[in-house]
Structure formats: structure tokens, C-alpha cells
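Participant: Data: entry-v5.cif, mmCIF, N, CA and C atoms.
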data_work
loop_
_atom_site.label_atom_id
_atom_site.label_comp_id
_atom_site.auth_asym_id
_atom_site.auth_seq_id
_atom_site.Cartn_x
_atom_site.Cartn_y
_atom_site.Cartn_z
N MET A 819 113.59 82.63 37.09
CA MET A 819 113.91 83.27 38.36
C MET A 819 115.36 82.96 38.75
N PHE A 820 116.07 83.97 39.17
CA PHE A 820 117.44 83.82 39.61
C PHE A 820 117.50 83.84 41.13
N GLY A 821 118.25 82.93 41.71
CA GLY A 821 118.49 82.94 43.15
C GLY A 821 117.42 82.23 43.95
N PRO A 822 117.61 82.25 45.26
CA PRO A 822 116.71 81.55 46.17
C PRO A 822 115.33 82.20 46.24
N ASP A 823 114.32 81.38 46.50
CA ASP A 823 112.96 81.86 46.67
C ASP A 823 112.67 81.96 48.17
N PHE A 824 112.92 83.14 48.72
CA PHE A 824 112.75 83.34 50.16
C PHE A 824 111.29 83.43 50.57
N ASN A 825 110.37 83.39 49.63
CA ASN A 825 108.95 83.31 49.99
C ASN A 825 108.62 81.93 50.55
N LYS A 826 109.45 80.96 50.22
CA LYS A 826 109.28 79.62 50.78
C LYS A 826 109.99 79.56 52.13
N GLY A 827 109.61 78.62 52.94
CA GLY A 827 110.29 78.43 54.22
C GLY A 827 110.17 79.62 55.16
N LYS A 828 109.13 80.42 54.98
CA LYS A 828 108.90 81.60 55.83
C LYS A 828 110.13 82.50 55.87
N GLY A 829 110.81 82.59 54.72
CA GLY A 829 111.95 83.49 54.60
C GLY A 829 113.28 82.90 55.01
N LEU A 830 113.28 81.66 55.47
CA LEU A 830 114.49 81.01 55.96
C LEU A 830 114.71 79.72 55.18
N LEU A 831 115.83 79.62 54.48
CA LEU A 831 116.10 78.44 53.67
C LEU A 831 117.32 77.69 54.20
N PRO A 832 117.31 76.36 54.12
CA PRO A 832 118.47 75.59 54.58
C PRO A 832 119.63 75.72 53.60
N ALA A 833 120.83 75.75 54.18
CA ALA A 833 122.06 75.76 53.41
C ALA A 833 122.93 74.60 53.88
N ILE A 834 123.12 73.65 53.01
CA ILE A 834 124.04 72.54 53.29
C ILE A 834 125.44 73.08 53.00
N VAL A 835 126.38 72.79 53.88
CA VAL A 835 127.73 73.32 53.71
C VAL A 835 128.71 72.16 53.55
N GLN A 836 129.45 72.19 52.45
CA GLN A 836 130.42 71.14 52.13
C GLN A 836 131.81 71.74 51.99
N ASP A 837 132.81 70.93 52.34
CA ASP A 837 134.19 71.31 52.07
C ASP A 837 134.41 71.29 50.56
N PHE A 838 134.95 72.36 50.01
CA PHE A 838 135.13 72.51 48.58
C PHE A 838 136.07 71.45 48.00
N GLU A 839 137.09 71.08 48.75
CA GLU A 839 138.09 70.12 48.27
C GLU A 839 137.63 68.67 48.41
N THR A 840 137.09 68.32 49.59
CA THR A 840 136.80 66.91 49.90
C THR A 840 135.33 66.52 49.73
N ASN A 841 134.45 67.50 49.62
CA ASN A 841 133.00 67.29 49.57
C ASN A 841 132.42 66.77 50.88
N GLU A 842 133.20 66.77 51.96
CA GLU A 842 132.67 66.37 53.27
C GLU A 842 131.59 67.36 53.68
N VAL A 843 130.45 66.85 54.17
CA VAL A 843 129.41 67.72 54.69
C VAL A 843 129.88 68.25 56.04
N LEU A 844 129.95 69.56 56.15
CA LEU A 844 130.45 70.20 57.36
C LEU A 844 129.34 70.59 58.32
N MET A 845 128.24 71.07 57.78
CA MET A 845 127.16 71.56 58.65
C MET A 845 125.93 71.88 57.82
N LEU A 846 124.87 72.19 58.52
CA LEU A 846 123.64 72.70 57.92
C LEU A 846 123.30 73.98 58.67
N ALA A 847 122.98 75.01 57.94
CA ALA A 847 122.61 76.28 58.56
C ALA A 847 121.44 76.85 57.79
N TYR A 848 120.99 78.03 58.20
CA TYR A 848 119.85 78.67 57.54
C TYR A 848 120.25 80.05 57.04
N VAL A 849 119.65 80.43 55.92
CA VAL A 849 119.96 81.69 55.26
C VAL A 849 118.65 82.44 55.00
N ASN A 850 118.63 83.72 55.36
CA ASN A 850 117.51 84.58 54.94
C ASN A 850 118.04 85.51 53.85
N SER A 851 117.23 86.40 53.35
CA SER A 851 117.67 87.24 52.23
C SER A 851 118.84 88.15 52.62
N GLU A 852 118.85 88.63 53.84
CA GLU A 852 119.96 89.48 54.29
C GLU A 852 121.27 88.70 54.36
N ALA A 853 121.22 87.48 54.90
CA ALA A 853 122.42 86.63 54.97
C ALA A 853 122.89 86.28 53.56
N TRP A 854 121.96 86.03 52.66
CA TRP A 854 122.28 85.72 51.27
C TRP A 854 123.05 86.89 50.64
N GLN A 855 122.54 88.10 50.81
CA GLN A 855 123.19 89.28 50.23
C GLN A 855 124.59 89.49 50.81
N LYS A 856 124.73 89.33 52.13
CA LYS A 856 126.04 89.49 52.78
C LYS A 856 127.03 88.44 52.27
N THR A 857 126.56 87.21 52.09
CA THR A 857 127.42 86.15 51.56
C THR A 857 127.92 86.52 50.17
N LEU A 858 127.01 86.99 49.33
CA LEU A 858 127.39 87.38 47.97
C LEU A 858 128.35 88.57 47.97
N GLU A 859 128.11 89.52 48.86
CA GLU A 859 128.94 90.73 48.91
C GLU A 859 130.35 90.47 49.44
N THR A 860 130.45 89.62 50.47
CA THR A 860 131.72 89.45 51.18
C THR A 860 132.49 88.19 50.77
N GLY A 861 131.79 87.19 50.25
CA GLY A 861 132.44 85.92 49.95
C GLY A 861 132.63 85.05 51.18
N LYS A 862 132.18 85.54 52.33
CA LYS A 862 132.22 84.76 53.58
C LYS A 862 130.83 84.23 53.87
N ALA A 863 130.75 82.97 54.25
CA ALA A 863 129.46 82.37 54.55
C ALA A 863 128.80 83.10 55.72
N THR A 864 127.61 83.61 55.45
CA THR A 864 126.84 84.34 56.45
C THR A 864 125.47 83.67 56.55
N TYR A 865 125.05 83.43 57.78
CA TYR A 865 123.82 82.69 58.03
C TYR A 865 122.89 83.49 58.93
N TRP A 866 121.70 82.94 59.13
CA TRP A 866 120.75 83.50 60.10
C TRP A 866 120.73 82.55 61.28
N SER A 867 121.09 83.06 62.45
CA SER A 867 121.08 82.25 63.66
C SER A 867 119.67 82.24 64.23
N ARG A 868 119.05 81.07 64.23
CA ARG A 868 117.70 80.96 64.77
C ARG A 868 117.70 81.13 66.28
N SER A 869 118.76 80.69 66.97
CA SER A 869 118.80 80.80 68.42
C SER A 869 119.06 82.24 68.88
N ARG A 870 119.89 82.98 68.14
CA ARG A 870 120.19 84.37 68.50
C ARG A 870 119.28 85.36 67.78
N ASN A 871 118.55 84.86 66.77
CA ASN A 871 117.68 85.72 65.98
C ASN A 871 118.45 86.89 65.37
N SER A 872 119.60 86.55 64.75
CA SER A 872 120.44 87.59 64.16
C SER A 872 121.35 87.00 63.09
N LEU A 873 121.95 87.88 62.29
CA LEU A 873 122.93 87.44 61.30
C LEU A 873 124.13 86.85 62.01
N TRP A 874 124.78 85.91 61.33
CA TRP A 874 125.92 85.23 61.92
C TRP A 874 126.92 84.95 60.81
N VAL A 875 128.07 85.59 60.89
CA VAL A 875 129.16 85.31 59.97
C VAL A 875 129.95 84.15 60.56
N LYS A 876 129.97 83.03 59.85
CA LYS A 876 130.66 81.85 60.36
C LYS A 876 132.12 82.19 60.64
N GLY A 877 132.56 81.90 61.86
CA GLY A 877 133.94 82.14 62.26
C GLY A 877 134.19 83.50 62.86
N GLU A 878 133.16 84.29 63.01
CA GLU A 878 133.28 85.63 63.57
C GLU A 878 133.98 85.61 64.94
N THR A 879 133.62 84.64 65.76
CA THR A 879 134.20 84.53 67.10
C THR A 879 135.41 83.61 67.12
N SER A 880 135.30 82.47 66.47
CA SER A 880 136.35 81.44 66.53
C SER A 880 137.51 81.68 65.58
N GLY A 881 137.28 82.45 64.52
CA GLY A 881 138.30 82.61 63.50
C GLY A 881 138.23 81.55 62.41
N ASN A 882 137.33 80.58 62.57
CA ASN A 882 137.18 79.48 61.61
C ASN A 882 136.16 79.87 60.53
N VAL A 883 136.53 80.87 59.73
CA VAL A 883 135.62 81.39 58.71
C VAL A 883 135.48 80.43 57.54
N GLN A 884 134.40 80.61 56.81
CA GLN A 884 134.15 79.82 55.61
C GLN A 884 134.17 80.76 54.41
N ILE A 885 135.12 80.51 53.51
CA ILE A 885 135.22 81.28 52.27
C ILE A 885 134.42 80.51 51.22
N VAL A 886 133.39 81.15 50.69
CA VAL A 886 132.51 80.49 49.73
C VAL A 886 133.19 80.41 48.37
N LYS A 887 133.32 79.18 47.88
CA LYS A 887 133.96 78.93 46.59
C LYS A 887 132.94 78.69 45.49
N GLU A 888 131.79 78.14 45.88
CA GLU A 888 130.75 77.81 44.89
C GLU A 888 129.42 77.72 45.61
N ILE A 889 128.36 78.16 44.94
CA ILE A 889 127.01 78.04 45.48
C ILE A 889 126.15 77.32 44.46
N LEU A 890 125.47 76.29 44.92
CA LEU A 890 124.50 75.59 44.08
C LEU A 890 123.13 75.76 44.72
N ILE A 891 122.12 75.73 43.86
CA ILE A 891 120.74 75.89 44.32
C ILE A 891 119.92 74.75 43.76
N ASP A 892 118.98 74.24 44.54
CA ASP A 892 118.20 73.09 44.08
C ASP A 892 117.12 73.51 43.09
N CYS A 893 116.45 72.51 42.53
CA CYS A 893 115.47 72.72 41.46
C CYS A 893 114.27 73.56 41.89
N ASP A 894 113.95 73.56 43.18
CA ASP A 894 112.80 74.33 43.68
C ASP A 894 113.20 75.71 44.20
N SER A 895 114.48 76.02 44.11
CA SER A 895 115.02 77.31 44.58
C SER A 895 114.78 77.54 46.07
N ASP A 896 114.73 76.44 46.85
CA ASP A 896 114.50 76.61 48.29
C ASP A 896 115.51 75.89 49.18
N THR A 897 116.61 75.42 48.59
CA THR A 897 117.70 74.85 49.36
C THR A 897 119.01 75.23 48.68
N LEU A 898 119.98 75.62 49.49
CA LEU A 898 121.28 76.03 48.97
C LEU A 898 122.36 75.03 49.36
N LEU A 899 123.39 74.98 48.55
CA LEU A 899 124.58 74.19 48.86
C LEU A 899 125.77 75.13 48.73
N PHE A 900 126.43 75.38 49.86
CA PHE A 900 127.63 76.21 49.86
C PHE A 900 128.83 75.27 49.88
N LYS A 901 129.71 75.42 48.90
CA LYS A 901 130.98 74.72 48.91
C LYS A 901 132.00 75.74 49.38
N VAL A 902 132.68 75.41 50.48
CA VAL A 902 133.50 76.41 51.16
C VAL A 902 134.92 75.91 51.41
N GLU A 903 135.80 76.89 51.56
CA GLU A 903 137.12 76.62 52.11
C GLU A 903 136.99 76.92 53.60
N GLN A 904 137.14 75.88 54.41
CA GLN A 904 136.98 76.02 55.86
C GLN A 904 138.32 76.42 56.47
N LYS A 905 138.43 77.67 56.88
CA LYS A 905 139.64 78.16 57.53
C LYS A 905 139.70 77.64 58.96
N GLY A 906 140.88 77.30 59.43
CA GLY A 906 141.05 76.85 60.81
C GLY A 906 140.72 75.39 61.02
N GLY A 907 140.15 74.74 60.01
CA GLY A 907 139.95 73.30 60.08
C GLY A 907 138.70 72.83 60.79
N ALA A 908 137.98 73.68 61.50
CA ALA A 908 136.80 73.23 62.25
C ALA A 908 135.57 74.03 61.86
N ALA A 909 134.53 73.32 61.47
CA ALA A 909 133.25 73.97 61.17
C ALA A 909 132.32 73.97 62.37
N CYS A 910 132.50 73.02 63.27
CA CYS A 910 131.57 72.84 64.39
C CYS A 910 131.98 73.65 65.61
N HIS A 911 131.00 74.29 66.25
CA HIS A 911 131.28 75.08 67.46
C HIS A 911 131.75 74.22 68.62
N THR A 912 131.58 72.89 68.52
CA THR A 912 132.07 71.99 69.56
C THR A 912 133.53 71.64 69.36
N GLY A 913 134.13 72.16 68.27
CA GLY A 913 135.55 71.96 68.03
C GLY A 913 135.88 70.88 67.01
N TYR A 914 134.86 70.23 66.48
CA TYR A 914 135.09 69.17 65.49
C TYR A 914 135.16 69.73 64.08
N GLN A 915 135.84 68.97 63.22
CA GLN A 915 135.99 69.36 61.82
C GLN A 915 134.62 69.53 61.15
N SER A 916 133.70 68.62 61.44
CA SER A 916 132.35 68.66 60.88
C SER A 916 131.34 68.58 62.03
N CYS A 917 130.19 69.17 61.83
CA CYS A 917 129.11 69.03 62.82
C CYS A 917 128.58 67.60 62.87
N PHE A 918 128.87 66.84 61.83
CA PHE A 918 128.41 65.46 61.75
C PHE A 918 129.54 64.53 62.17
N TYR A 919 129.92 64.63 63.45
CA TYR A 919 131.04 63.86 63.99
C TYR A 919 130.61 62.64 64.79
N ARG A 920 129.30 62.40 64.87
CA ARG A 920 128.79 61.24 65.63
C ARG A 920 128.03 60.30 64.72
N ARG A 921 128.26 59.02 64.91
CA ARG A 921 127.54 58.00 64.13
C ARG A 921 126.67 57.20 65.09
N ILE A 922 125.43 56.95 64.66
CA ILE A 922 124.51 56.10 65.42
C ILE A 922 124.49 54.74 64.74
N SER A 923 124.85 53.72 65.48
CA SER A 923 124.90 52.37 64.93
C SER A 923 124.56 51.37 66.03
N GLY A 924 123.64 50.47 65.73
CA GLY A 924 123.26 49.47 66.72
C GLY A 924 122.74 50.07 68.00
N GLY A 925 122.07 51.22 67.88
CA GLY A 925 121.50 51.87 69.06
C GLY A 925 122.53 52.59 69.93
N LYS A 926 123.76 52.72 69.44
CA LYS A 926 124.81 53.39 70.21
C LYS A 926 125.39 54.55 69.40
N GLU A 927 125.88 55.52 70.14
CA GLU A 927 126.51 56.67 69.52
C GLU A 927 128.03 56.52 69.61
N GLU A 928 128.68 56.83 68.49
CA GLU A 928 130.14 56.71 68.43
C GLU A 928 130.71 58.01 67.85
N ILE A 929 131.75 58.53 68.48
CA ILE A 929 132.43 59.71 67.96
C ILE A 929 133.36 59.24 66.85
N ILE A 930 133.16 59.78 65.65
CA ILE A 930 133.99 59.38 64.51
C ILE A 930 134.77 60.55 63.92
N GLY A 931 134.48 61.76 64.39
CA GLY A 931 135.11 62.95 63.81
C GLY A 931 136.40 63.33 64.49
N LYS A 932 137.08 64.25 63.86
CA LYS A 932 138.35 64.76 64.36
C LYS A 932 138.11 66.07 65.11
N LYS A 933 138.55 66.10 66.37
CA LYS A 933 138.41 67.33 67.16
C LYS A 933 139.61 68.22 66.88
N ILE A 934 139.34 69.46 66.52
CA ILE A 934 140.37 70.41 66.12
C ILE A 934 140.74 71.36 67.27
N PHE A 935 139.74 71.77 68.06
CA PHE A 935 140.02 72.68 69.16
C PHE A 935 139.08 72.43 70.32
N ASP A 936 139.47 72.94 71.48
CA ASP A 936 138.62 72.87 72.68
C ASP A 936 137.79 74.15 72.73
N PRO A 937 136.48 74.03 72.67
CA PRO A 937 135.63 75.24 72.66
C PRO A 937 135.80 76.12 73.90
N ARG A 938 136.21 75.56 75.02
CA ARG A 938 136.42 76.37 76.23
C ARG A 938 137.56 77.37 76.03
N ASP A 939 138.51 77.01 75.16
CA ASP A 939 139.63 77.92 74.89
C ASP A 939 139.26 79.00 73.87
N VAL A 940 138.28 78.71 73.03
CA VAL A 940 137.92 79.62 71.93
C VAL A 940 136.79 80.56 72.30
N TYR A 941 135.75 80.05 72.95
CA TYR A 941 134.56 80.83 73.27
C TYR A 941 134.58 81.20 74.76
N LYS A 942 135.30 82.23 75.09
CA LYS A 942 135.43 82.61 76.50
C LYS A 942 134.41 83.63 76.89
#
The structure given in the file should be rewritten as C-alpha cells.
Facilitator:
Amino acid sequence: MFGPDFNKGKGLLPAIVQDFETNEVLMLAYVNSEAWQKTLETGKATYWSRSRNSLWVKGETSGNVQIVKEILIDCDSDTLLFKVEQKGGAACHTGYQSCFYRRISGGKEEIIGKKIFDPRDVYK
């Protein structure tokens, strides 16, 4: 079988997103068959937004698009890994380079990520 098995996960599969150059984990999103096809057709990371219940091209609003450089699929064909070139420097809608910008240690939360933009200026 070639490609993801969308019969698993009720048609929605997780996509781990990494920076192509640094391997930093940028985010986790979900892909359905339509998002998968759009990603393959355009080369831009396209996801399924569970909150909006619609397709979502990363960076459509912010300009911080993800150009897909490589796609890996796990052994069960139900998880994807997108290695991307992150345009604009920020993957997170909160303005951080990565969605994983907070560390929990000793019962406390610490901001460890780099903030690239103020979301109030981008999402008006």
C-alpha cells in the first residue's frame, strides 16, 4: 500500500511537522485525504482544522507558509512526518518559532521559545 491509511483515525491522521534544516519539532496538525492531496499538489503544507472543520493551508493568513521538502510515513501508515521550510520564521499562531515553546519543569511552566511576531499585528 502506498500512502497514508485514512481508514484509520476516522479519516484524520496526525502530522508531526519538523524544520527541514534543524529537525526542530514545529507543530502537530491533522491531515485528511483532501489535505493530503492538496499538500502533494501544491507543495505547501495543508491540514484539516478540527476547530474550523475545514481545510487549512499553513500561513494562509500570516504569510508563514510551510514548503514541504520531505514526507515520511510510519510503519502503520497512520502518522505522517512533514519536513518543511518554514517561511517567516514562525510556525505557531501565537507568534513563536515552534508551538512547543513552553517547558514544564518542577511543576512550573517556563517560556523557552523565540517569539517572532505579535499575533495582534498579524491576525486582525
Participant: Rounded to one decimal place, report the atom C of Gly925 (chain A)-atom N of Val843 (chain A) distance in Å.
Facilitator: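 Distance reported for this atom pair: 22.7 Å.
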Participant: Evaluate the PyMOL selection byres ((chain A and resi 845) around 8) and record the selected residues as a list in words, following the chain and residue labels used in the document.
Facilitator: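 That selection, the PyMOL selection byres ((chain A and resi 845) around 8), comes back as Ala833, Ile834, Val835, Gln836, Asp837, Glu842, Val843, Leu844, Leu846, Ala847, Tyr848, Ala909, Cys910, Gln915, Ser916, Cys917 and Phe918 of chain A.
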Participant: Got a sec: who's within 7 Å of Phe824 (chain A), counting only C-alpha atoms, leaving out chain neighbours fewer than 3 positions off, as a ChimeraX atom specification?
Facilitator: /A:827,829-831,850-851
Participant: Per DSSP on the backbone, what are the helix (DSSP H, G or I) residues of chain A, as an MDAnalysis selection string?
Facilitator: chainID A and resid 826:829 851:860 937:940
Participant: Identify, on the basis of only C-alpha atoms, every residue whose closest approach to region 875-892 of chain A does not exceed 8 Å; exclude the query and any residue fewer than 5 positions from it along the same chain; express the result as number ranges by chain.
Facilitator: A: 821-822, 838, 857, 861-865, 897-909, 940-941
Participant: So what do you get for atom N of Asn871 (chain A) versus atom C of Ser895 (chain A), distance-wise?
Facilitator: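 Rounded to one decimal, the two atoms are 22.3 Å apart.
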Participant: Quote the spacing between CA of Ile922 (chain A) and CA of Asn841 (chain A) in Å to one decimal place.
Facilitator: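 Distance reported for this atom pair: 21.2 Å.
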Participant: Looking at A:Cys893, A:Ile934, A:Ile929, A:Asn825, which one is nearest to Gly913 (chain A), with distances taken over only N, CA and C atoms?
Facilitator: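 Smallest separation from Gly913 (chain A) among the options: A:Ile934.
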Participant: Please give the complete set of residues from region 830-908 of chain A that DSSP, run on the backbone, assigns to strand (DSSP E or B), formatted as JSON, numbers by chain.
Facilitator: {"A": [831, 832, 833, 834, 835, 836, 837, 843, 844, 845, 846, 847, 848, 849, 862, 864, 865, 866, 867, 872, 873, 874, 875, 884, 885, 886, 887, 888, 889, 890, 891, 898, 899, 900, 901, 902, 903, 904]}
